[in-house]
$ cat data.txt   # compact mmCIF, C-alpha atoms and all ligand atoms
# COMPACT_ATOMS: atom_id res chain seq x y z
CA MET A 1 -46.42 -84.40 98.79
CA THR A 2 -46.58 -81.26 96.62
CA ARG A 3 -49.29 -78.62 96.66
CA LEU A 4 -50.46 -79.99 93.32
CA GLU A 5 -50.80 -83.63 94.43
CA LYS A 6 -54.11 -84.93 92.97
CA ALA A 7 -55.07 -81.45 91.75
CA ILE A 8 -57.18 -81.51 88.58
CA VAL A 9 -55.45 -79.53 85.85
CA LEU A 10 -57.05 -78.77 82.48
CA ILE A 11 -54.64 -77.78 79.72
CA THR A 12 -55.77 -76.56 76.31
CA GLY A 13 -53.43 -77.21 73.38
CA ALA A 14 -51.62 -80.09 75.11
CA SER A 15 -50.73 -81.92 71.89
CA SER A 16 -47.51 -79.97 71.32
CA GLY A 17 -44.97 -77.48 72.62
CA ILE A 18 -45.69 -75.56 75.81
CA GLY A 19 -48.99 -77.34 76.54
CA GLU A 20 -47.44 -80.78 76.17
CA ALA A 21 -44.52 -79.76 78.41
CA CYS A 22 -47.00 -78.41 80.98
CA ALA A 23 -48.78 -81.77 81.01
CA ARG A 24 -45.51 -83.53 81.87
CA ALA A 25 -44.53 -80.95 84.48
CA PHE A 26 -47.92 -81.10 86.24
CA ALA A 27 -47.78 -84.91 86.12
CA ASP A 28 -44.33 -84.71 87.76
CA ALA A 29 -45.94 -82.63 90.50
CA GLY A 30 -48.55 -85.34 91.10
CA ALA A 31 -51.54 -83.69 89.40
CA ASN A 32 -54.26 -85.41 87.42
CA LEU A 33 -54.66 -84.07 83.92
CA ILE A 34 -57.38 -83.21 81.47
CA ILE A 35 -55.48 -82.72 78.22
CA THR A 36 -57.25 -81.19 75.24
CA ALA A 37 -56.41 -80.28 71.64
CA ARG A 38 -57.62 -81.11 68.14
CA ARG A 39 -55.05 -83.83 67.32
CA ASN A 40 -56.47 -86.70 69.29
CA GLU A 41 -53.84 -89.28 68.31
CA ARG A 42 -51.14 -87.11 69.88
CA LEU A 43 -53.21 -86.74 73.04
CA GLU A 44 -53.64 -90.50 73.23
CA GLN A 45 -49.88 -91.02 72.93
CA LEU A 46 -49.21 -88.44 75.63
CA SER A 47 -51.86 -90.00 77.90
CA GLN A 48 -50.18 -93.37 77.56
CA GLU A 49 -46.80 -91.89 78.40
CA LEU A 50 -48.10 -89.98 81.43
CA ARG A 51 -49.94 -93.03 82.77
CA ASN A 52 -46.85 -95.21 82.32
CA ASN A 53 -44.27 -92.80 83.74
CA HIS A 54 -46.27 -90.98 86.43
CA LYS A 55 -48.99 -91.80 88.89
CA SER A 56 -51.32 -89.35 87.18
CA ASP A 57 -54.80 -90.10 85.95
CA VAL A 58 -55.27 -88.62 82.51
CA LEU A 59 -58.38 -87.73 80.55
CA ALA A 60 -57.82 -86.84 76.91
CA ILE A 61 -60.51 -84.84 75.14
CA GLU A 62 -60.46 -83.85 71.51
CA LEU A 63 -61.54 -80.22 71.58
CA ASP A 64 -61.30 -77.31 69.18
CA VAL A 65 -61.43 -74.22 71.42
CA ARG A 66 -62.98 -72.24 68.54
CA ASP A 67 -66.07 -74.43 68.68
CA GLN A 68 -68.21 -72.66 71.25
CA GLN A 69 -70.85 -75.38 71.39
CA ALA A 70 -68.27 -78.15 71.80
CA VAL A 71 -66.60 -76.24 74.66
CA GLU A 72 -69.96 -75.53 76.31
CA GLU A 73 -70.82 -79.23 76.16
CA ALA A 74 -67.41 -80.66 77.08
CA ILE A 75 -66.99 -79.03 80.49
CA PRO A 76 -70.36 -79.89 82.09
CA SER A 77 -70.18 -83.41 80.68
CA LEU A 78 -66.86 -84.21 82.36
CA PRO A 79 -67.13 -87.35 84.51
CA ASP A 80 -67.93 -86.45 88.15
CA ALA A 81 -64.41 -87.25 89.34
CA TRP A 82 -63.02 -84.67 86.90
CA LYS A 83 -65.51 -81.83 87.34
CA LYS A 84 -63.72 -79.89 90.10
CA ILE A 85 -61.00 -78.28 88.03
CA ASP A 86 -58.31 -76.73 90.24
CA VAL A 87 -56.05 -75.29 87.55
CA LEU A 88 -56.92 -74.13 84.05
CA VAL A 89 -54.03 -73.50 81.66
CA ASN A 90 -55.32 -71.48 78.71
CA ASN A 91 -52.50 -72.34 76.34
CA ALA A 92 -54.07 -73.22 72.96
CA GLY A 93 -52.99 -70.61 70.47
CA LEU A 94 -51.25 -69.90 67.22
CA SER A 95 -49.92 -67.35 64.83
CA ARG A 96 -50.52 -67.38 61.09
CA GLY A 97 -48.32 -65.41 58.73
CA LEU A 98 -46.02 -62.46 59.23
CA ASP A 99 -47.32 -59.78 56.88
CA LYS A 100 -47.72 -56.06 56.77
CA ILE A 101 -51.23 -55.29 57.92
CA TYR A 102 -52.33 -53.99 54.51
CA GLU A 103 -51.24 -57.29 52.96
CA GLY A 104 -52.48 -59.64 55.71
CA LYS A 105 -54.83 -62.51 54.95
CA ILE A 106 -58.26 -62.10 56.50
CA GLN A 107 -58.49 -65.86 57.01
CA ASP A 108 -55.28 -65.80 59.08
CA TRP A 109 -56.66 -62.97 61.22
CA GLU A 110 -59.92 -64.85 61.80
CA GLU A 111 -58.04 -67.98 62.87
CA MET A 112 -55.84 -66.11 65.35
CA VAL A 113 -58.69 -64.11 66.87
CA ASP A 114 -60.98 -67.15 67.03
CA THR A 115 -58.34 -69.31 68.73
CA ASN A 116 -56.29 -66.97 70.89
CA VAL A 117 -59.07 -64.67 72.08
CA LYS A 118 -62.48 -66.26 71.56
CA GLY A 119 -61.26 -69.79 72.36
CA LEU A 120 -59.71 -68.61 75.62
CA LEU A 121 -62.97 -66.84 76.46
CA TYR A 122 -65.17 -69.87 75.71
CA VAL A 123 -63.06 -72.19 77.87
CA SER A 124 -62.79 -69.67 80.70
CA ARG A 125 -66.55 -69.00 80.64
CA ALA A 126 -67.19 -72.73 80.96
CA VAL A 127 -64.66 -73.41 83.74
CA LEU A 128 -64.75 -70.27 85.92
CA PRO A 129 -68.27 -70.64 87.41
CA GLY A 130 -67.24 -73.93 89.07
CA MET A 131 -64.12 -72.31 90.49
CA VAL A 132 -66.17 -69.39 91.83
CA GLU A 133 -68.73 -71.76 93.35
CA ARG A 134 -65.95 -73.73 95.10
CA ASN A 135 -64.13 -70.47 95.92
CA LYS A 136 -60.91 -72.10 94.72
CA GLY A 137 -58.89 -72.32 91.54
CA THR A 138 -56.07 -70.94 89.45
CA VAL A 139 -56.28 -69.74 85.87
CA ILE A 140 -53.02 -69.42 83.99
CA ASN A 141 -53.21 -67.69 80.65
CA ILE A 142 -50.31 -68.10 78.25
CA GLY A 143 -49.73 -64.61 76.93
CA SER A 144 -46.53 -63.52 75.23
CA ILE A 145 -43.94 -60.79 75.06
CA ALA A 146 -45.95 -60.04 71.90
CA GLY A 147 -48.77 -59.01 74.26
CA ARG A 148 -46.54 -56.39 75.85
CA GLU A 149 -44.77 -54.92 72.80
CA VAL A 150 -45.86 -54.92 69.16
CA TYR A 151 -43.33 -55.91 66.50
CA GLN A 152 -43.38 -55.15 62.78
CA LYS A 153 -45.70 -57.51 60.88
CA GLY A 154 -46.84 -59.00 64.19
CA ASN A 155 -49.97 -56.77 64.07
CA VAL A 156 -52.90 -59.17 64.56
CA TYR A 157 -51.00 -61.86 66.50
CA CYS A 158 -49.76 -59.14 68.87
CA ALA A 159 -53.29 -57.76 69.13
CA THR A 160 -54.60 -61.15 70.23
CA LYS A 161 -51.92 -61.38 72.92
CA PHE A 162 -52.63 -57.80 74.08
CA ALA A 163 -56.24 -58.99 74.34
CA VAL A 164 -55.10 -61.95 76.46
CA ASP A 165 -53.33 -59.49 78.74
CA ALA A 166 -56.51 -57.37 79.06
CA LEU A 167 -58.61 -60.46 79.73
CA THR A 168 -56.16 -61.67 82.39
CA LYS A 169 -56.38 -58.30 84.13
CA GLY A 170 -60.17 -58.23 83.73
CA MET A 171 -60.49 -61.72 85.20
CA ARG A 172 -58.33 -60.77 88.18
CA LEU A 173 -60.50 -57.70 88.86
CA ASP A 174 -63.75 -59.63 88.56
CA LEU A 175 -62.49 -62.44 90.81
CA VAL A 176 -60.90 -60.30 93.52
CA ASP A 177 -63.67 -61.13 96.00
CA THR A 178 -63.03 -64.87 95.55
CA GLN A 179 -60.05 -67.11 96.25
CA VAL A 180 -59.66 -67.79 92.51
CA ARG A 181 -56.26 -66.63 91.26
CA VAL A 182 -55.34 -65.41 87.79
CA CYS A 183 -51.88 -65.44 86.31
CA THR A 184 -50.31 -64.69 82.96
CA VAL A 185 -47.11 -66.38 81.84
CA ASP A 186 -45.62 -64.36 78.98
CA PRO A 187 -42.74 -66.07 77.19
CA GLY A 188 -40.36 -64.71 74.59
CA LEU A 189 -39.00 -67.04 71.91
CA VAL A 190 -39.77 -70.69 72.64
CA GLU A 191 -38.77 -73.33 70.11
CA THR A 192 -41.92 -75.38 69.57
CA GLU A 193 -44.09 -75.97 66.51
CA PHE A 194 -45.21 -72.32 66.79
CA SER A 195 -43.14 -70.98 63.87
CA GLN A 196 -43.87 -74.02 61.71
CA VAL A 197 -47.55 -73.29 62.18
CA ARG A 198 -46.99 -69.59 61.53
CA PHE A 199 -45.13 -70.36 58.26
CA ARG A 200 -47.42 -73.24 57.31
CA GLY A 201 -44.84 -76.01 57.48
CA ASP A 202 -41.87 -74.08 56.04
CA ALA A 203 -39.38 -75.79 58.38
CA GLU A 204 -36.37 -73.85 57.12
CA ARG A 205 -38.00 -70.48 57.74
CA ALA A 206 -39.23 -71.67 61.13
CA LYS A 207 -35.76 -72.84 62.15
CA LYS A 208 -34.30 -69.42 61.31
CA VAL A 209 -36.43 -67.77 64.01
CA TYR A 210 -34.27 -69.53 66.64
CA SER A 211 -30.95 -69.57 64.78
CA ASP A 212 -27.68 -68.60 66.46
CA MET A 213 -29.35 -67.95 69.81
CA THR A 214 -30.61 -70.18 72.60
CA PRO A 215 -34.42 -70.07 72.75
CA LEU A 216 -36.58 -71.20 75.65
CA THR A 217 -37.95 -74.73 75.57
CA GLY A 218 -41.49 -75.78 76.38
CA ASP A 219 -40.08 -77.26 79.60
CA ASP A 220 -38.70 -73.86 80.66
CA VAL A 221 -42.16 -72.33 80.32
CA ALA A 222 -43.84 -75.30 82.00
CA GLU A 223 -41.59 -74.83 85.02
CA ALA A 224 -42.85 -71.24 85.37
CA VAL A 225 -46.47 -72.35 84.95
CA VAL A 226 -46.13 -74.99 87.66
CA PHE A 227 -44.41 -72.45 89.91
CA ALA A 228 -47.35 -70.07 89.52
CA ALA A 229 -49.89 -72.82 90.15
CA SER A 230 -48.14 -74.15 93.23
CA ARG A 231 -47.91 -70.98 95.34
CA PRO A 232 -49.68 -71.08 98.71
CA PRO A 233 -53.40 -70.23 98.40
CA HIS A 234 -52.98 -66.64 99.64
CA VAL A 235 -50.28 -65.89 97.02
CA GLN A 236 -51.34 -64.83 93.53
CA CYS A 237 -48.48 -64.97 91.06
CA ALA A 238 -49.95 -62.34 88.75
CA GLU A 239 -47.41 -62.10 85.92
CA ILE A 240 -44.31 -63.90 84.75
CA LEU A 241 -42.32 -62.52 81.80
CA LEU A 242 -39.91 -65.26 80.78
CA LEU A 243 -37.26 -64.47 78.17
CA PRO A 244 -34.28 -66.31 76.78
CA THR A 245 -31.06 -64.74 78.07
CA ASP A 246 -30.34 -63.87 74.44
CA GLN A 247 -33.53 -61.81 74.13
CA ALA A 248 -34.35 -58.33 75.47
CA GLY A 249 -37.45 -57.47 73.44
CA PRO A 250 -39.61 -59.00 70.69
CA THR A 251 -37.08 -58.14 68.00
CA MET A 252 -34.06 -57.44 70.19
CA VAL A 253 -32.34 -60.81 69.98
CA HIS A 254 -28.61 -61.38 70.32
CA ARG A 255 -27.52 -63.80 67.59
CA ARG A 256 -24.02 -65.16 67.76
CA LYS A 257 -23.35 -64.83 64.03
P1 LIG B 301 -47.35 -75.23 69.28
O1 LIG B 301 -47.76 -74.99 67.88
O2 LIG B 301 -46.24 -76.18 69.54
O3 LIG B 301 -48.61 -75.68 70.16
C1 LIG B 301 -49.85 -75.05 70.00
C2 LIG B 301 -50.93 -75.89 70.67
O4 LIG B 301 -52.18 -75.21 70.54
C3 LIG B 301 -51.06 -77.25 70.02
O5 LIG B 301 -51.21 -78.22 71.01
C4 LIG B 301 -52.34 -77.11 69.20
O6 LIG B 301 -53.02 -78.36 69.16
C5 LIG B 301 -53.13 -76.12 70.05
N1 LIG B 301 -54.18 -75.46 69.29
C6 LIG B 301 -54.05 -74.64 68.22
N2 LIG B 301 -55.26 -74.29 67.76
C7 LIG B 301 -56.17 -74.93 68.54
C8 LIG B 301 -57.58 -75.00 68.56
N3 LIG B 301 -58.34 -74.35 67.66
N4 LIG B 301 -58.19 -75.76 69.52
C9 LIG B 301 -57.45 -76.42 70.42
N5 LIG B 301 -56.11 -76.42 70.46
C10 LIG B 301 -55.49 -75.67 69.52
O7 LIG B 301 -46.99 -73.79 69.88
P2 LIG B 301 -46.60 -73.30 71.36
O8 LIG B 301 -46.55 -74.43 72.30
O9 LIG B 301 -45.42 -72.44 71.23
O10 LIG B 301 -47.85 -72.37 71.68
C11 LIG B 301 -48.62 -72.47 72.86
C12 LIG B 301 -49.03 -71.09 73.31
O11 LIG B 301 -47.86 -70.34 73.65
C13 LIG B 301 -49.76 -70.26 72.27
O12 LIG B 301 -50.81 -69.57 72.92
C14 LIG B 301 -48.71 -69.27 71.79
O13 LIG B 301 -49.29 -68.10 71.32
C15 LIG B 301 -47.94 -69.06 73.08
N6 LIG B 301 -46.59 -68.52 72.95
C16 LIG B 301 -45.65 -69.18 72.19
C17 LIG B 301 -44.37 -68.66 72.10
C18 LIG B 301 -43.32 -69.27 71.24
O14 LIG B 301 -42.31 -68.59 70.94
N7 LIG B 301 -43.45 -70.53 70.83
C19 LIG B 301 -43.98 -67.46 72.86
C20 LIG B 301 -45.05 -66.86 73.60
C21 LIG B 301 -46.29 -67.40 73.66
P3 LIG B 301 -53.82 -78.96 67.91
O15 LIG B 301 -53.20 -78.42 66.68
O16 LIG B 301 -53.67 -80.45 68.08
O17 LIG B 301 -55.23 -78.51 68.13
C1 LIG B 302 -44.61 -65.83 70.39
C2 LIG B 302 -43.39 -65.01 70.52
O1 LIG B 302 -42.08 -63.13 69.42
O2 LIG B 302 -42.51 -65.16 68.12
O3 LIG B 302 -45.66 -65.26 71.10
O4 LIG B 302 -44.29 -63.59 68.57
S1 LIG B 302 -43.08 -64.17 69.08

$ encode --input "data.txt" --output "structure tokens" --more "lines below"
Ligand code: NDP
Ligand code: 8X3
Amino acid sequence: MTRLEKAIVLITGASSGIGEACARAFADAGANLIITARRNERLEQLSQELRNNHKSDVLAIELDVRDQQAVEEAIPSLPDAWKKIDVLVNNAGLSRGLDKIYEGKIQDWEEMVDTNVKGLLYVSRAVLPGMVERNKGTVINIGSIAGREVYQKGNVYCATKFAVDALTKGMRLDLVDTQVRVCTVDPGLVETEFSQVRFRGDAERAKKVYSDMTPLTGDDVAEAVVFAASRPPHVQCAEILLLPTDQAGPTMVHRRK
């Protein structure tokens, strides 16, 4: 029996990378999962796998976190058995482009701000009142080392992750008189689809980001997320900065060639 046995865990962006790994790790810990993302066919595949390999109940919901109305409708219309969310993992996020700020594409900026900042806010606004009412719950925001230090051409992506850091701290302050806990897990380089999305499918350029070093995997991050969520109720794991051993800062990476 783990502390997460039968807990209801909602993960945004569970169709890939860190979110998908979190779904497996929480299922391993005996939790029931609400997995959300835009690519529904991937969610369905993951649901099948989790139901087959674990004892978890799984609810897959196609949800674009940028769509305020859809988020506002999705949470209250959860089936009764799924309404009492114990853990929210605000993971959905992306980067687009790596450009000097005076050459950046406005559309890329909009997409990052809408997803990483506004999407996190919409989901949190919909889920937190229930946690406050029950005086119980854990919110885990996936920040980044990019939310602690800015790197060249990272400008707007870094700004969105600095915003996640501010929102995490703001949530913790506003919830201090409740038993709701707020945590940020801030990874360094994790090899997922992140760089493919950033470089719009340029697989070669994406691969180079992790070349000649050993990056984190989604599973490494998921382990930290589950650790944070499974502390005893009086323990609030506020921040985890998780770096590859080969990394000491956003651009300080030891490459073996
Ligand atoms: P992936 O690209 O592998 O996964 C991103 C996930 O976010 C996908 O499941 C995607 O699902 C989802 N997503 C993107 N946009 C939306 C949207 N509008 N609505 C709902 N879901 C969305 O990347 P990672 O797993 O690496 O990224 C996960 C988080 O980790 C992000 O917040 C990222 O900023 C952060 N991070 C990543 C690091 C890395 O090096 N990889 C390091 C530090 C932090 P779909 O497209 O199906 O909607
Ligand atoms: C993702 C990590 O350094 O590629 O947040 O921006 S980095």

$ closest_atom_pairs --input "data.txt" --of "chain A" --to "ligand LIG 301 (chain B)" --cutoff "8 Å" --atoms "all atoms listed in the file" --output "Markdown table"
| residue | atom | partner | partner_atom | distance |
| --- | --- | --- | --- | --- |
| A:Thr12 | CA | B:LIG301 | N5 | 5.9 |
| A:Gly13 | CA | B:LIG301 | O5 | 3.4 |
| A:Ala14 | CA | B:LIG301 | O5 | 4.5 |
| A:Ser15 | CA | B:LIG301 | O5 | 3.8 |
| A:Ser16 | CA | B:LIG301 | O5 | 4.1 |
| A:Gly17 | CA | B:LIG301 | O8 | 3.4 |
| A:Ile18 | CA | B:LIG301 | O8 | 3.8 |
| A:Gly19 | CA | B:LIG301 | O8 | 5.7 |
| A:Glu20 | CA | B:LIG301 | O5 | 6.9 |
| A:Thr36 | CA | B:LIG301 | C9 | 6.8 |
| A:Ala37 | CA | B:LIG301 | N5 | 4.0 |
| A:Arg38 | CA | B:LIG301 | O17 | 3.5 |
| A:Arg39 | CA | B:LIG301 | O16 | 3.7 |
| A:Asn40 | CA | B:LIG301 | O16 | 7.0 |
| A:Arg42 | CA | B:LIG301 | O16 | 7.3 |
| A:Leu63 | CA | B:LIG301 | C9 | 5.7 |
| A:Asp64 | CA | B:LIG301 | N4 | 3.5 |
| A:Val65 | CA | B:LIG301 | N4 | 4.1 |
| A:Arg66 | CA | B:LIG301 | N3 | 5.2 |
| A:Asp67 | CA | B:LIG301 | N3 | 7.8 |
| A:Asn90 | CA | B:LIG301 | O12 | 7.6 |
| A:Asn91 | CA | B:LIG301 | O12 | 4.7 |
| A:Ala92 | CA | B:LIG301 | O4 | 3.7 |
| A:Gly93 | CA | B:LIG301 | O12 | 3.4 |
| A:Leu94 | CA | B:LIG301 | O13 | 4.9 |
| A:Ser95 | CA | B:LIG301 | O13 | 6.6 |
| A:Glu111 | CA | B:LIG301 | N3 | 8.0 |
| A:Asp114 | CA | B:LIG301 | N3 | 7.7 |
| A:Thr115 | CA | B:LIG301 | N3 | 5.2 |
| A:Asn116 | CA | B:LIG301 | O12 | 6.4 |
| A:Gly119 | CA | B:LIG301 | N3 | 7.2 |
| A:Ile142 | CA | B:LIG301 | O12 | 5.6 |
| A:Gly143 | CA | B:LIG301 | C21 | 5.5 |
| A:Ser144 | CA | B:LIG301 | C20 | 4.0 |
| A:Ile145 | CA | B:LIG301 | C20 | 6.3 |
| A:Ala146 | CA | B:LIG301 | C20 | 7.1 |
| A:Lys161 | CA | B:LIG301 | O13 | 7.4 |
| A:Asp186 | CA | B:LIG301 | C20 | 6.0 |
| A:Pro187 | CA | B:LIG301 | C20 | 4.3 |
| A:Gly188 | CA | B:LIG301 | C19 | 4.9 |
| A:Leu189 | CA | B:LIG301 | O14 | 3.8 |
| A:Val190 | CA | B:LIG301 | O14 | 3.7 |
| A:Glu191 | CA | B:LIG301 | N7 | 5.5 |
| A:Thr192 | CA | B:LIG301 | O2 | 4.4 |
| A:Glu193 | CA | B:LIG301 | O2 | 3.7 |
| A:Phe194 | CA | B:LIG301 | O1 | 3.8 |
| A:Ser195 | CA | B:LIG301 | N7 | 7.0 |
| A:Gln196 | CA | B:LIG301 | O1 | 7.4 |
| A:Val197 | CA | B:LIG301 | O1 | 6.0 |
| A:Leu216 | CA | B:LIG301 | O14 | 7.9 |
| A:Gly218 | CA | B:LIG301 | O8 | 6.6 |

$ atom_distance --input "data.txt" --atom1 "atom CA of Pro250 of chain A" --atom2 "atom O2 of ligand LIG 302 (chain B)"
7.3 Å

$ atom_distance --input "data.txt" --atom1 "atom CA of Pro76 of chain A" --atom2 "atom CA of Ala126 of chain A"
7.9 Å

$ atom_distance --input "data.txt" --atom1 "atom CA of Val139 of chain A" --atom2 "atom CA of Asn155 of chain A"
26.1 Å

$ residues_near_point --input "data.txt" --point "(-51.5, -65.9, 58.9)" --cutoff "8 Å" --atoms "only C-alpha atoms" --output "ChimeraX atom specification"
/A:95-99,104-105,107-109,111-112,198-199

$ residues_around --input "data.txt" --residues "Gln236 of chain A" --least-positions-apart "5" --cutoff "8 Å" --atoms "all atoms listed in the file" --output "count of residues only"
5

$ closest_residue --input "data.txt" --among "A:Ala222, A:Val235, A:Val127, A:Asp28" --to "Leu4 of chain A" --atoms "all atoms listed in the file"
A:Asp28

$ residues_around --input "data.txt" --residues "Ile85 of chain A" --least-positions-apart "6" --cutoff "12 Å" --atoms "only C-alpha atoms" --output "PyMOL selection string"
chain A and resi 4+6-11+31-34+75-76+78-79+124+126-139+180

$ axis_aligned_box --input "data.txt" --around "ligand LIG 302 (chain B)" --padding-each-side "8 Å" --output "JSON"
{"center_x": -43.9, "center_y": -64.5, "center_z": 69.6, "size_x": 19.6, "size_y": 18.7, "size_z": 19.0}

$ closest_residue --input "data.txt" --among "A:Gln152, A:Gln48, A:Ser56, A:Thr214" --to "ligand LIG 302 (chain B)" --atoms "all atoms listed in the file"
A:Gln152

$ closest_residue --input "data.txt" --among "A:Tyr151, A:Tyr210, A:Phe26, A:Tyr102" --to "Ala224 of chain A" --atoms "only C-alpha atoms"
A:Phe26
